[in-house]
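Structure file target-v7.txt; described as compact mmCIF, C-alpha atoms and all ligand atoms.
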# COMPACT_ATOMS: atom_id res chain seq x y z
CA MET A 624 -3.11 38.19 -49.32
CA SER A 625 -1.44 41.37 -50.40
CA GLY A 626 -3.38 43.40 -47.85
CA ASP A 627 -1.52 41.64 -45.04
CA PRO A 628 1.68 43.55 -44.13
CA THR A 629 3.31 40.41 -42.73
CA ALA A 630 2.66 38.47 -45.90
CA ALA A 631 3.91 41.39 -47.95
CA GLU A 632 7.12 41.49 -45.93
CA PHE A 633 7.61 37.77 -46.40
CA GLU A 634 7.08 38.14 -50.10
CA THR A 635 9.60 40.97 -50.32
CA LEU A 636 12.21 38.81 -48.63
CA ILE A 637 11.56 35.63 -50.57
CA ARG A 638 10.43 36.69 -54.00
CA PRO A 639 13.89 37.57 -55.38
CA HIS A 640 15.04 34.02 -54.58
CA LEU A 641 12.08 32.08 -55.87
CA ASP A 642 13.39 31.52 -59.38
CA ARG A 643 16.62 30.06 -58.18
CA LEU A 644 14.88 27.98 -55.53
CA TYR A 645 12.48 26.63 -58.07
CA ARG A 646 15.32 25.74 -60.44
CA LEU A 647 17.10 23.85 -57.70
CA ALA A 648 13.86 22.10 -56.76
CA TYR A 649 13.36 21.14 -60.38
CA ARG A 650 16.87 19.73 -60.62
CA LEU A 651 16.31 17.70 -57.49
CA THR A 652 12.88 16.39 -58.36
CA LEU A 653 13.00 16.44 -62.18
CA THR A 654 9.37 17.42 -62.63
CA VAL A 655 7.37 20.61 -62.46
CA ALA A 656 4.69 19.18 -60.19
CA ASP A 657 7.21 17.85 -57.66
CA ALA A 658 9.33 20.98 -57.84
CA GLN A 659 6.26 23.09 -57.13
CA ASP A 660 5.37 20.86 -54.19
CA LEU A 661 8.87 21.15 -52.81
CA VAL A 662 9.00 24.93 -53.13
CA GLN A 663 5.53 25.19 -51.62
CA ASP A 664 6.49 23.07 -48.62
CA VAL A 665 9.63 25.12 -48.07
CA LEU A 666 7.66 28.38 -48.15
CA VAL A 667 5.16 27.03 -45.66
CA LYS A 668 8.04 26.09 -43.36
CA LEU A 669 9.76 29.43 -43.80
CA TYR A 670 6.77 31.62 -43.22
CA PRO A 671 6.78 31.32 -39.42
CA ARG A 672 10.54 32.05 -39.49
CA ARG A 673 10.20 35.52 -40.99
CA ASP A 674 12.19 37.22 -38.25
CA GLU A 675 15.07 34.83 -38.68
CA LEU A 676 14.98 35.36 -42.45
CA SER A 677 15.25 39.09 -42.19
CA SER A 678 18.34 38.74 -40.01
CA ILE A 679 20.30 36.69 -42.52
CA ASP A 680 22.80 38.52 -44.70
CA ASP A 681 23.04 36.25 -47.68
CA LEU A 682 19.79 34.43 -48.09
CA THR A 683 20.59 32.60 -51.32
CA PRO A 684 22.74 29.75 -49.96
CA TRP A 685 20.72 29.62 -46.77
CA LEU A 686 17.46 29.15 -48.62
CA SER A 687 19.00 26.63 -50.97
CA ARG A 688 20.16 24.63 -47.98
CA VAL A 689 16.71 24.68 -46.42
CA LEU A 690 15.22 23.46 -49.66
CA TYR A 691 17.85 20.78 -50.07
CA ASN A 692 17.29 19.54 -46.53
CA GLN A 693 13.57 19.44 -47.01
CA PHE A 694 14.11 17.38 -50.14
CA VAL A 695 16.51 14.97 -48.47
CA GLN A 696 14.37 14.52 -45.39
CA GLN A 697 11.23 13.82 -47.33
CA THR A 698 12.55 12.54 -50.60
CA ARG A 699 9.78 10.04 -50.99
CA ARG A 700 7.25 12.81 -51.01
CA TYR A 701 8.88 14.37 -54.04
CA ARG A 702 9.85 11.34 -56.01
CA SER A 703 6.50 10.18 -57.24
CA GLN A 704 7.60 10.98 -60.73
CA ARG A 705 10.88 10.31 -62.35
CA PHE A 706 10.86 12.25 -65.53
CA ARG A 707 8.75 13.43 -68.33
CA VAL A 708 8.82 12.08 -71.77
CA VAL A 709 9.08 14.21 -74.84
CA LEU A 710 6.48 14.51 -77.46
CA GLU A 711 4.56 17.36 -78.91
CA THR A 712 1.44 16.54 -80.80
CA ASP A 713 1.09 19.88 -82.49
CA GLY A 714 2.08 18.75 -85.94
CA ASP A 715 3.17 15.20 -86.38
CA PRO A 716 6.00 14.37 -84.01
CA MET A 717 6.76 11.14 -85.78
CA ASP A 718 7.67 13.11 -88.87
CA SER A 719 10.21 15.19 -87.12
CA LEU A 720 11.79 12.37 -85.16
CA ALA A 721 12.13 9.86 -87.93
CA GLY A 722 12.62 11.01 -91.50
CA PRO A 723 15.92 9.58 -92.68
CA GLY A 724 17.06 11.49 -95.72
CA GLU A 725 14.96 14.40 -94.61
CA ASP A 726 16.37 17.40 -92.94
CA PRO A 727 14.79 16.95 -89.53
CA ALA A 728 13.92 20.02 -87.56
CA GLU A 729 16.79 20.78 -85.25
CA GLU A 730 14.34 21.48 -82.46
CA ALA A 731 12.92 17.99 -82.69
CA LEU A 732 16.34 16.41 -82.61
CA ARG A 733 17.28 18.46 -79.65
CA SER A 734 14.22 17.43 -77.70
CA PHE A 735 14.93 13.84 -78.53
CA ASP A 736 18.45 14.24 -77.26
CA ILE A 737 17.18 15.91 -74.13
CA SER A 738 14.77 13.10 -73.45
CA GLU A 739 17.60 10.60 -73.72
CA VAL A 740 19.75 12.56 -71.31
CA ARG A 741 16.88 12.92 -68.88
CA SER A 742 16.04 9.30 -69.15
CA ALA A 743 19.65 8.38 -68.39
CA LEU A 744 19.71 10.85 -65.50
CA GLY A 745 16.66 9.12 -64.09
CA ARG A 746 18.71 5.98 -63.84
CA LEU A 747 21.55 7.50 -61.86
CA SER A 748 21.50 7.19 -58.12
CA GLU A 749 20.01 10.21 -56.46
CA ASP A 750 23.30 11.12 -54.79
CA HIS A 751 25.06 11.15 -58.11
CA ARG A 752 22.35 12.90 -60.03
CA THR A 753 21.94 15.66 -57.47
CA VAL A 754 25.55 16.80 -57.49
CA LEU A 755 25.81 16.33 -61.23
CA LEU A 756 22.81 18.54 -61.98
CA MET A 757 23.78 21.14 -59.43
CA HIS A 758 27.29 21.39 -60.83
CA ASP A 759 27.01 20.67 -64.55
CA ALA A 760 23.49 21.88 -65.25
CA GLU A 761 22.97 24.69 -62.72
CA GLY A 762 26.59 25.77 -62.54
CA TYR A 763 26.96 25.74 -58.77
CA LYS A 764 30.57 25.83 -57.64
CA LEU A 765 31.92 22.93 -55.62
CA GLN A 766 32.06 25.10 -52.51
CA GLU A 767 28.47 26.21 -52.99
CA ILE A 768 27.36 22.61 -53.27
CA GLN A 769 29.26 21.88 -50.09
CA ILE A 770 27.43 24.67 -48.27
CA ILE A 771 24.03 23.60 -49.55
CA THR A 772 24.39 19.87 -49.09
CA GLY A 773 26.91 19.61 -46.28
CA ILE A 774 28.83 17.07 -48.36
CA SER A 775 32.61 17.49 -48.43
CA VAL A 776 34.23 18.83 -51.58
CA GLY A 777 36.21 15.61 -51.96
CA THR A 778 33.07 13.51 -51.90
CA ILE A 779 31.32 15.87 -54.29
CA LYS A 780 34.22 15.55 -56.72
CA SER A 781 34.23 11.80 -56.64
CA ARG A 782 30.45 11.66 -57.04
CA LEU A 783 30.67 14.00 -59.98
CA HIS A 784 33.34 11.86 -61.55
CA ARG A 785 31.38 8.65 -61.13
CA ALA A 786 28.11 10.26 -62.14
CA ARG A 787 29.57 11.49 -65.42
CA ALA A 788 31.16 8.15 -66.14
CA ARG A 789 27.90 6.34 -65.45
CA LEU A 790 25.91 8.79 -67.52
CA ARG A 791 28.27 8.36 -70.45
CA GLU A 792 27.93 4.63 -70.08
CA LEU A 793 24.13 4.83 -70.11
CA LEU A 794 24.04 7.12 -73.09
CA THR A 795 26.51 4.97 -74.98
CA ALA A 796 24.37 1.92 -74.28
CA ASP A 797 21.37 3.79 -75.65
CA GLY A 798 23.32 4.58 -78.77
CA THR A 799 22.86 8.28 -78.27
CA PHE A 800 26.39 9.08 -77.33
CA SER A 801 29.29 8.63 -79.65
CA GLY A 802 31.91 7.10 -77.46
CA PRO A 803 35.50 6.53 -78.60
CA ASN A 804 34.57 3.28 -80.33
CA ALA A 805 31.51 4.57 -82.09
CA MET B 678 51.34 8.04 -77.60
CA ASN B 679 52.10 8.20 -73.91
CA ALA B 680 51.97 5.13 -71.77
CA GLU B 681 49.88 6.90 -69.13
CA HIS B 682 46.52 8.10 -70.31
CA ILE B 683 44.97 10.96 -68.42
CA ASP B 684 41.30 9.90 -68.20
CA ASN B 685 41.29 10.31 -64.45
CA GLN B 686 42.40 13.90 -64.64
CA LEU B 687 39.97 15.09 -67.26
CA ASP B 688 37.25 16.11 -64.83
CA ALA B 689 39.65 18.18 -62.79
CA TYR B 690 41.12 19.55 -66.03
CA LEU B 691 37.73 20.69 -67.28
CA ASP B 692 36.80 22.05 -63.86
CA GLY B 693 39.98 24.11 -63.84
CA GLU B 694 41.04 22.38 -60.67
CA LEU B 695 44.44 21.11 -61.68
CA PRO B 696 47.63 22.75 -60.46
CA GLU B 697 49.50 24.50 -63.24
CA GLN B 698 52.12 21.82 -63.86
CA GLU B 699 49.58 19.01 -64.04
CA ARG B 700 47.33 21.07 -66.25
CA ARG B 701 50.24 21.55 -68.61
CA ASN B 702 51.02 17.84 -68.65
CA VAL B 703 47.42 16.99 -69.45
CA PHE B 704 47.36 19.61 -72.15
CA GLU B 705 50.45 18.19 -73.79
CA HIS B 706 49.22 14.63 -73.51
CA LEU B 707 45.96 15.60 -75.16
CA HIS B 708 47.81 16.91 -78.16
CA GLY B 709 49.62 13.68 -78.71
CA CYS B 710 46.98 11.13 -77.76
CA ARG B 711 44.04 10.55 -80.04
CA GLN B 712 42.25 8.36 -77.52
CA CYS B 713 42.37 10.87 -74.67
CA HIS B 714 41.50 13.62 -77.07
CA GLN B 715 38.33 11.76 -77.97
CA THR B 716 37.55 11.15 -74.32
CA LEU B 717 37.93 14.86 -73.70
CA ALA B 718 35.62 15.67 -76.60
CA ASP B 719 33.00 13.29 -75.21
CA ALA B 720 33.34 14.74 -71.74
CA LYS B 721 32.87 18.24 -73.11
CA SER B 722 29.90 17.16 -75.15
CA LEU B 723 28.27 15.56 -72.12
CA ARG B 724 28.78 18.71 -70.10
CA ALA B 725 27.31 20.81 -72.85
CA ARG B 726 24.27 18.59 -72.94
CA LEU B 727 23.83 18.90 -69.20
CA ALA B 728 24.34 22.64 -69.29
CA ASN B 729 21.65 22.87 -71.94
CA LEU B 730 19.20 20.72 -70.10
CA PRO B 731 16.24 23.04 -69.74
CA VAL B 732 14.20 23.72 -66.65
CA GLU B 733 10.48 23.63 -67.20
CA GLY B 734 9.02 26.66 -65.54
CA PRO B 735 6.28 26.50 -62.95
CA ALA B 736 2.68 27.39 -63.69
CA PRO B 737 2.45 31.13 -64.40
CA ASP B 738 0.73 32.03 -61.15
CA PHE B 739 2.61 29.48 -59.07
CA PHE B 740 4.92 31.82 -57.14
CA ALA B 741 2.15 34.20 -56.18
CA GLN B 742 -0.08 31.34 -55.19
CA ALA B 743 2.66 29.55 -53.25
CA LEU B 744 3.44 32.71 -51.29
CA ALA B 745 -0.23 33.22 -50.53
CA ASN B 746 -0.57 29.60 -49.45
CA ALA B 747 2.42 29.95 -47.16
CA ALA B 748 0.84 33.00 -45.56
CA ASN B 749 -2.34 31.04 -45.04
CA GLN B 750 -0.38 28.02 -43.86
CA ASP B 751 -2.62 26.24 -46.22
CA ARG B 752 -0.81 23.47 -47.95
CA GLN B 753 -2.40 22.58 -51.22
CA ALA B 754 -4.05 19.21 -51.29
CA PRO B 755 -2.80 16.91 -54.01
CA MET B 756 -6.18 17.21 -55.68
CA ASN B 757 -5.51 20.83 -56.42
CA ARG B 758 -2.41 19.96 -58.29
CA TRP B 759 -4.25 19.86 -61.50
CA ALA B 760 -5.61 23.29 -60.90
CA THR B 761 -2.13 24.67 -60.40
CA VAL B 762 -0.89 23.07 -63.58
CA ILE B 763 -3.81 24.16 -65.67
CA GLY B 764 -2.77 26.96 -67.90
CA GLY B 765 0.89 26.32 -67.23
CA THR B 766 3.11 26.58 -70.22
CA ILE B 767 5.10 23.55 -71.05
CA ALA B 768 8.50 24.34 -72.41
CA ALA B 769 8.74 23.27 -76.00
CA GLY B 770 9.80 19.73 -76.36
CA MET B 771 9.99 19.02 -72.69
CA ALA B 772 6.69 17.39 -71.98
CA LEU B 773 4.80 14.51 -73.32
CA LEU B 774 1.72 16.19 -74.59
CA VAL B 775 -0.83 13.57 -75.21
CA VAL B 776 -3.68 15.48 -76.64
CA VAL B 777 -6.41 13.07 -75.80
CA GLY B 778 -9.26 15.00 -77.16
CA MET B 779 -11.55 17.88 -76.96
CA LEU B 780 -14.75 18.39 -75.14
CA GLY B 781 -16.90 21.16 -76.41
CA ARG B 782 -18.23 22.42 -79.64
CA THR B 783 -15.28 22.32 -81.95
CA PRO B 784 -14.13 19.02 -83.41
CA ALA B 785 -11.44 17.01 -81.75
CA PRO B 786 -7.90 17.61 -82.91
CA GLU B 787 -6.12 14.93 -84.81
CA LEU B 788 -4.73 12.39 -82.46
CA THR B 789 -1.33 10.89 -82.52
CA PRO B 790 -1.92 7.26 -83.31
CA GLU B 791 1.14 6.02 -81.54
CA LEU B 792 3.85 7.51 -79.46
CA GLN B 793 7.10 5.71 -79.88
CA GLY B 794 10.18 5.46 -77.77
CA VAL B 795 8.55 5.55 -74.36
CA THR B 796 9.60 2.91 -71.93
CA LEU B 797 7.85 2.01 -68.74
CA ALA B 798 9.65 -0.79 -67.06
CA LEU B 799 8.12 -2.66 -64.19
CA HIS B 800 8.38 -0.65 -60.94
CA GLU B 801 9.29 2.42 -62.87
CA SER B 802 7.26 5.57 -62.56
CA ARG B 803 6.59 8.09 -65.27
CA THR B 804 4.70 11.27 -65.65
CA LEU B 805 2.19 11.14 -68.41
CA ASN B 806 0.68 14.47 -69.23
CA LEU B 807 -2.85 14.28 -70.41
CA VAL B 808 -3.72 17.41 -72.26
CA PHE B 809 -7.37 18.23 -72.61
CA SER B 810 -8.10 20.89 -75.13
CA SER B 811 -11.39 22.49 -74.46
CA ALA B 812 -13.10 24.97 -76.72
CA GLU B 813 -14.60 26.74 -73.75
CA ALA B 814 -14.08 27.03 -70.01
CA LEU B 815 -15.83 24.21 -68.20
CA GLU B 816 -16.81 24.70 -64.59
CA GLY B 817 -17.47 21.60 -62.54
CA ALA B 818 -16.23 19.03 -65.01
CA ARG B 819 -15.68 15.50 -63.79
CA LEU B 820 -12.84 13.28 -64.73
CA VAL B 821 -12.62 9.60 -63.91
CA VAL B 822 -9.49 7.64 -64.65
CA GLU B 823 -9.68 3.86 -64.65
CA LEU B 824 -6.48 1.90 -64.49
CA PRO B 825 -5.78 -1.65 -65.57
CA HIS B 826 -4.37 -4.20 -63.18
CA GLY B 827 -0.78 -3.41 -62.32
CA LEU B 828 -0.82 0.28 -63.13
CA GLU B 829 -1.22 2.85 -60.40
CA LEU B 830 -1.14 6.58 -59.97
CA GLY B 831 1.60 7.69 -57.59
CA ALA B 832 -0.70 9.76 -55.41
CA TYR B 833 -3.36 7.04 -55.20
CA PRO B 834 -1.65 3.73 -54.55
CA GLY B 835 -3.85 0.67 -54.96
CA GLU B 836 -6.75 2.53 -56.51
CA GLN B 837 -8.01 1.36 -59.87
CA ARG B 838 -10.44 4.22 -60.24
CA VAL B 839 -9.58 7.82 -59.43
CA ARG B 840 -12.01 10.71 -59.65
CA TRP B 841 -11.47 14.42 -59.93
CA LYS B 842 -13.87 17.24 -59.91
CA THR B 843 -12.29 20.16 -61.63
CA SER B 844 -12.65 23.12 -63.89
CA LEU B 845 -11.15 23.35 -67.31
CA GLN B 846 -9.98 26.52 -68.92
CA ALA B 847 -10.59 27.29 -72.52
CA GLY B 848 -7.60 25.93 -74.39
CA ARG B 849 -5.14 23.44 -73.05
CA ASN B 850 -5.44 21.84 -69.67
CA VAL B 851 -2.65 19.61 -68.51
CA LEU B 852 -3.19 16.79 -66.10
CA PRO B 853 0.04 15.09 -65.11
CA LEU B 854 -0.52 11.49 -64.13
CA ASP B 855 2.23 9.84 -62.16
CA LEU B 856 2.03 6.42 -63.63
CA ILE B 857 3.72 3.52 -61.89
CA ALA B 858 3.86 -0.04 -63.12
CA VAL B 859 3.60 -2.31 -60.11
CA ALA B 860 2.71 -5.55 -61.85
CA GLY B 861 1.44 -7.12 -65.03
CA ASN B 862 2.17 -6.02 -68.54
CA GLY B 863 -0.01 -2.99 -68.94
CA GLY B 864 -3.42 -2.53 -70.44
CA GLU B 865 -5.78 0.26 -71.16
CA ILE B 866 -6.16 3.44 -69.20
CA VAL B 867 -9.65 4.80 -69.64
CA ALA B 868 -10.45 8.40 -68.87
CA HIS B 869 -14.02 9.70 -68.82
CA LEU B 870 -14.50 13.41 -68.96
CA ARG B 871 -17.96 14.69 -68.22
CA HIS B 872 -19.49 18.11 -68.15
CA GLY B 873 -23.22 18.61 -67.98
CA ASP B 874 -24.71 16.34 -70.58
CA LYS B 875 -21.51 16.08 -72.60
CA SER B 876 -19.19 13.21 -72.14
CA LYS B 877 -16.10 11.80 -73.72
CA THR B 878 -14.09 8.71 -73.15
CA PHE B 879 -10.41 8.41 -73.93
CA ARG B 880 -8.41 5.25 -74.06
CA LEU B 881 -4.68 4.89 -73.72
CA ARG B 882 -2.86 1.65 -74.27
CA VAL B 883 0.11 1.28 -71.98
CA ASN B 884 2.46 -1.60 -72.45
CA VAL B 885 4.67 -2.48 -69.58
CA THR B 886 7.58 -4.16 -71.24
CA ASP B 887 11.07 -2.92 -71.81
CA ALA B 888 9.81 -0.88 -74.73
CA THR B 889 6.55 0.77 -73.97
CA SER B 890 4.32 2.59 -76.32
CA PHE B 891 1.28 4.60 -75.61
CA LEU B 892 -1.53 4.11 -78.05
CA ILE B 893 -4.24 6.62 -78.01
CA GLU B 894 -7.62 6.49 -79.52
CA GLU B 895 -10.64 8.52 -78.90
CA LYS B 896 -14.05 7.01 -78.45
CA PRO B 897 -16.73 9.67 -78.33
CA THR B 898 -19.80 8.51 -76.49
CA PRO B 899 -22.60 10.76 -77.57
CA GLY B 900 -25.69 10.76 -75.45
CA GLN B 901 -23.95 9.39 -72.39
CA ALA B 902 -24.59 11.62 -69.42
ZN ZN C 1001 45.97 9.21 -73.72
Rewrite the structure from the file as structure tokens, please.
Amino acid sequence: MSGDPTAAEFETLIRPHLDRLYRLAYRLTLTVADAQDLVQDVLVKLYPRRDELSSIDDLTPWLSRVLYNQFVQQTRRYRSQRFRVVLETDGDPMDSLAGPGEDPAEEALRSFDISEVRSALGRLSEDHRTVLLMHDAEGYKLQEIQIITGISVGTIKSRLHRARARLRELLTADGTFSGPNA
Amino acid sequence: MNAEHIDNQLDAYLDGELPEQERRNVFEHLHGCRQCHQTLADAKSLRARLANLPVEGPAPDFFAQALANAANQDRQAPMNRWATVIGGTIAAGMALLVVVGMLGRTPAPELTPELQGVTLALHESRTLNLVFSSAEALEGARLVVELPHGLELGAYPGEQRVRWKTSLQAGRNVLPLDLIAVAGNGGEIVAHLRHGDKSKTFRLRVNVTDATSFLIEEKPTPGQA
């Protein structure tokens, strides 16, 4: 607890990075529960390595790599869930999603769109989805992804390319993406 | 317009990775070619959608709790998951909130008769959030979830009946169920929530087809202990 100086020191080191770590965990696992599990497991692993932590200059990429490796090594542990589905029952969700001729709430349309994108993402291979979300959703640079994942920049580029193409294909098939022929 | 379309260079173009001369060529081609222009617009739109894909935040006390757990080297058991999610805010529009009912003094909220557009294909797993709205905090509540043949919870493979002992906060309590279709074509998930002498039963219809819908109805069972 907070009375423990060692725990307090650990917290001081780690706390500034937790948001970013959690975001990466969420991108990798796609759900809050799994992301929390992943972050928790990483913290448990890191705690005994406090001395090592305090000797590292730039913790951000280092921590991201630890988290990524934990995910890759024990993917099955964090893949119990694929994605969440969108619906809010405060008010009538059917009203806001359907309603032709109405002026549907923009918020509702956006959540619908998001659910389609997430659903399509859930159908990408993990290799593709991971680099795609890190790059296009989280804004990691190619070199950063290389450092975190150990995958070469060339491979990352080609995965990104194929992931985007596949995602477009999936969204077009779902009718949610206006391709050139739409 | 040009014989050579530039689809293959669009990613590098948007990433700013093209050498100057190639970038210029792509730029010029885009101005003359309707088809590639459309492809570019789609690529941009896809990126925008990915960039806007929200991250659902963790439970409010998660970081503090996770740090404390690490210090105690005390990995949370899966059973405590619910506890960590309870009280967590769900980003608007990002979670399936199935308000299955209310246990307590105030009347149950109106239930959504049918949730459309959810698909659970065979061998696919999904998180279904059950949201229990309680008028008051309930210590030592019991929840039993019964699953039809072919549906399983990710953390409890092969079990048709899963029990939790838990505490509910006043307000919303979210229980994420990792639902996996392993066989069959669905059925009814029955959840019994008990606290003291109060009890409620909730039923969810889950169809495992290529277009799944969750039907929810509430069956209060007064007098059942
Ligand atoms: Zn062209």
Residues at most 12 Å from ligand ZN 1001 (chain C), using all atoms listed in the file? Could they come as a PDB file with C-alpha atoms, in the frame of the given file?
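That gives us pocket.pdb:
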ATOM      1  CA  PRO A 803      35.500   6.530 -78.600  1.00  0.00           C
TER       2      PRO A 803
ATOM      3  CA  MET B 678      51.340   8.040 -77.600  1.00  0.00           C
ATOM      4  CA  ASN B 679      52.100   8.200 -73.910  1.00  0.00           C
ATOM      5  CA  ALA B 680      51.970   5.130 -71.770  1.00  0.00           C
ATOM      6  CA  GLU B 681      49.880   6.900 -69.130  1.00  0.00           C
ATOM      7  CA  HIS B 682      46.520   8.100 -70.310  1.00  0.00           C
ATOM      8  CA  ILE B 683      44.970  10.960 -68.420  1.00  0.00           C
ATOM      9  CA  ASP B 684      41.300   9.900 -68.200  1.00  0.00           C
ATOM     10  CA  ASN B 685      41.290  10.310 -64.450  1.00  0.00           C
ATOM     11  CA  GLN B 686      42.400  13.900 -64.640  1.00  0.00           C
ATOM     12  CA  LEU B 687      39.970  15.090 -67.260  1.00  0.00           C
ATOM     13  CA  ASN B 702      51.020  17.840 -68.650  1.00  0.00           C
ATOM     14  CA  VAL B 703      47.420  16.990 -69.450  1.00  0.00           C
ATOM     15  CA  PHE B 704      47.360  19.610 -72.150  1.00  0.00           C
ATOM     16  CA  GLU B 705      50.450  18.190 -73.790  1.00  0.00           C
ATOM     17  CA  HIS B 706      49.220  14.630 -73.510  1.00  0.00           C
ATOM     18  CA  LEU B 707      45.960  15.600 -75.160  1.00  0.00           C
ATOM     19  CA  HIS B 708      47.810  16.910 -78.160  1.00  0.00           C
ATOM     20  CA  GLY B 709      49.620  13.680 -78.710  1.00  0.00           C
ATOM     21  CA  CYS B 710      46.980  11.130 -77.760  1.00  0.00           C
ATOM     22  CA  ARG B 711      44.040  10.550 -80.040  1.00  0.00           C
ATOM     23  CA  GLN B 712      42.250   8.360 -77.520  1.00  0.00           C
ATOM     24  CA  CYS B 713      42.370  10.870 -74.670  1.00  0.00           C
ATOM     25  CA  HIS B 714      41.500  13.620 -77.070  1.00  0.00           C
ATOM     26  CA  GLN B 715      38.330  11.760 -77.970  1.00  0.00           C
ATOM     27  CA  THR B 716      37.550  11.150 -74.320  1.00  0.00           C
ATOM     28  CA  LEU B 717      37.930  14.860 -73.700  1.00  0.00           C
TER      29      LEU B 717
END
Quiz item: Given the choices B:Leu744, B:Ala689, B:Val821, B:Ala736, which gets closest to Ala720 of chain B if the distance is worked out from all atoms listed in the file?
Solution: B:Ala689
Quiz item: Which distance in Å separates atom CA of Asp719 of chain B and atom CA of Ser748 of chain A, to one decimal?
Solution: 21.5 Å
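Distance check against chain A using only C-alpha atoms: of B:Leu691, B:Tyr833, B:Arg819, B:Asp855, the minimum falls on B:Asp855.
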Residues proximal to (30.9, 20.1, -52.6) were defined as those with any atom within 10 Å of that point in the file's coordinates, counting all atoms listed in the file. Which are they, as a tab-separated table (two decimals) with C-alpha atoms, keeping the file's coordinate frame?
chain	number	residue	atom	x	y	z
A	754	VAL	CA	25.55	16.80	-57.49
A	757	MET	CA	23.78	21.14	-59.43
A	758	HIS	CA	27.29	21.39	-60.83
A	763	TYR	CA	26.96	25.74	-58.77
A	764	LYS	CA	30.57	25.83	-57.64
A	765	LEU	CA	31.92	22.93	-55.62
A	766	GLN	CA	32.06	25.10	-52.51
A	767	GLU	CA	28.47	26.21	-52.99
A	768	ILE	CA	27.36	22.61	-53.27
A	769	GLN	CA	29.26	21.88	-50.09
A	770	ILE	CA	27.43	24.67	-48.27
A	771	ILE	CA	24.03	23.60	-49.55
A	772	THR	CA	24.39	19.87	-49.09
A	773	GLY	CA	26.91	19.61	-46.28
A	774	ILE	CA	28.83	17.07	-48.36
A	775	SER	CA	32.61	17.49	-48.43
A	776	VAL	CA	34.23	18.83	-51.58
A	777	GLY	CA	36.21	15.61	-51.96
A	778	THR	CA	33.07	13.51	-51.90
A	779	ILE	CA	31.32	15.87	-54.29
A	780	LYS	CA	34.22	15.55	-56.72
A	781	SER	CA	34.23	11.80	-56.64
A	782	ARG	CA	30.45	11.66	-57.04
A	783	LEU	CA	30.67	14.00	-59.98
Quiz item: Of the candidates A:Thr795, A:Thr698, A:Ser678, A:Thr683, which shows the shortest atom-to-atom distance to chain B, using only C-alpha atoms?
Solution: A:Thr795
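With only C-alpha atoms as the atoms that count, the residue of B:Glu865, B:Asp692, B:Glu836, B:Glu816 with the shortest distance to chain A is B:Asp692.
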Quiz item: Could you pull the residues within 8 Å of Val740 of chain A, counting all atoms listed in the file, minus those fewer than 4 positions along the same chain, as a PyMOL selection string?
Solution: (chain A and resi 736+744+794) or (chain B and resi 726-727)
Output for the residues just chosen: C-alpha atoms as an mmCIF file, keeping the file's coordinate frame:
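For reference, again_4.cif as written:
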data_model
loop_
_atom_site.group_PDB
_atom_site.id
_atom_site.type_symbol
_atom_site.label_atom_id
_atom_site.label_comp_id
_atom_site.auth_asym_id
_atom_site.auth_seq_id
_atom_site.Cartn_x
_atom_site.Cartn_y
_atom_site.Cartn_z
ATOM 1 C CA ASP A 736 18.450 14.240 -77.260
ATOM 2 C CA LEU A 744 19.710 10.850 -65.500
ATOM 3 C CA LEU A 794 24.040 7.120 -73.090
ATOM 4 C CA ARG B 726 24.270 18.590 -72.940
ATOM 5 C CA LEU B 727 23.830 18.900 -69.200
#
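Coordinates place atom CA of Ala760 of chain A at a distance of 14.9 Å from atom CA of Asp688 of chain B.
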Practice problem: List the residues sitting within 12 Å of (23.5, 21.8, -73.7) in the file's frame, using only C-alpha atoms, as a PyMOL selection string. | Solution: (chain A and resi 733-734+736-737+740+759-761) or (chain B and resi 721-732)
Practice problem: For atom CA of Asp642 of chain A and atom CA of Pro735 of chain B, determine how far apart the two atoms are, in Å to one decimal place. | Solution: 9.4 Å
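Compared by their closest atoms to Asp664 of chain A, and using all atoms listed in the file, the residues A:Arg787, A:Arg638, A:Gln697, A:Leu651 rank with A:Gln697 nearest.
For the residues B:Leu854, B:Leu695, B:Val839, B:Leu799, ranking by smallest atom-to-atom distance to chain A using only C-alpha atoms places B:Leu854 first.
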Quiz item: Quick one: residues within 10 Å of Ala658 of chain A, only C-alpha atoms counted, chain neighbours fewer than 4 positions away excluded, as JSON, numbers by chain?
Solution: {"A": [644, 645, 646, 647, 648, 649, 650, 651, 652, 653, 654, 662, 663, 664, 694, 701, 702], "B": [733, 734, 735]}
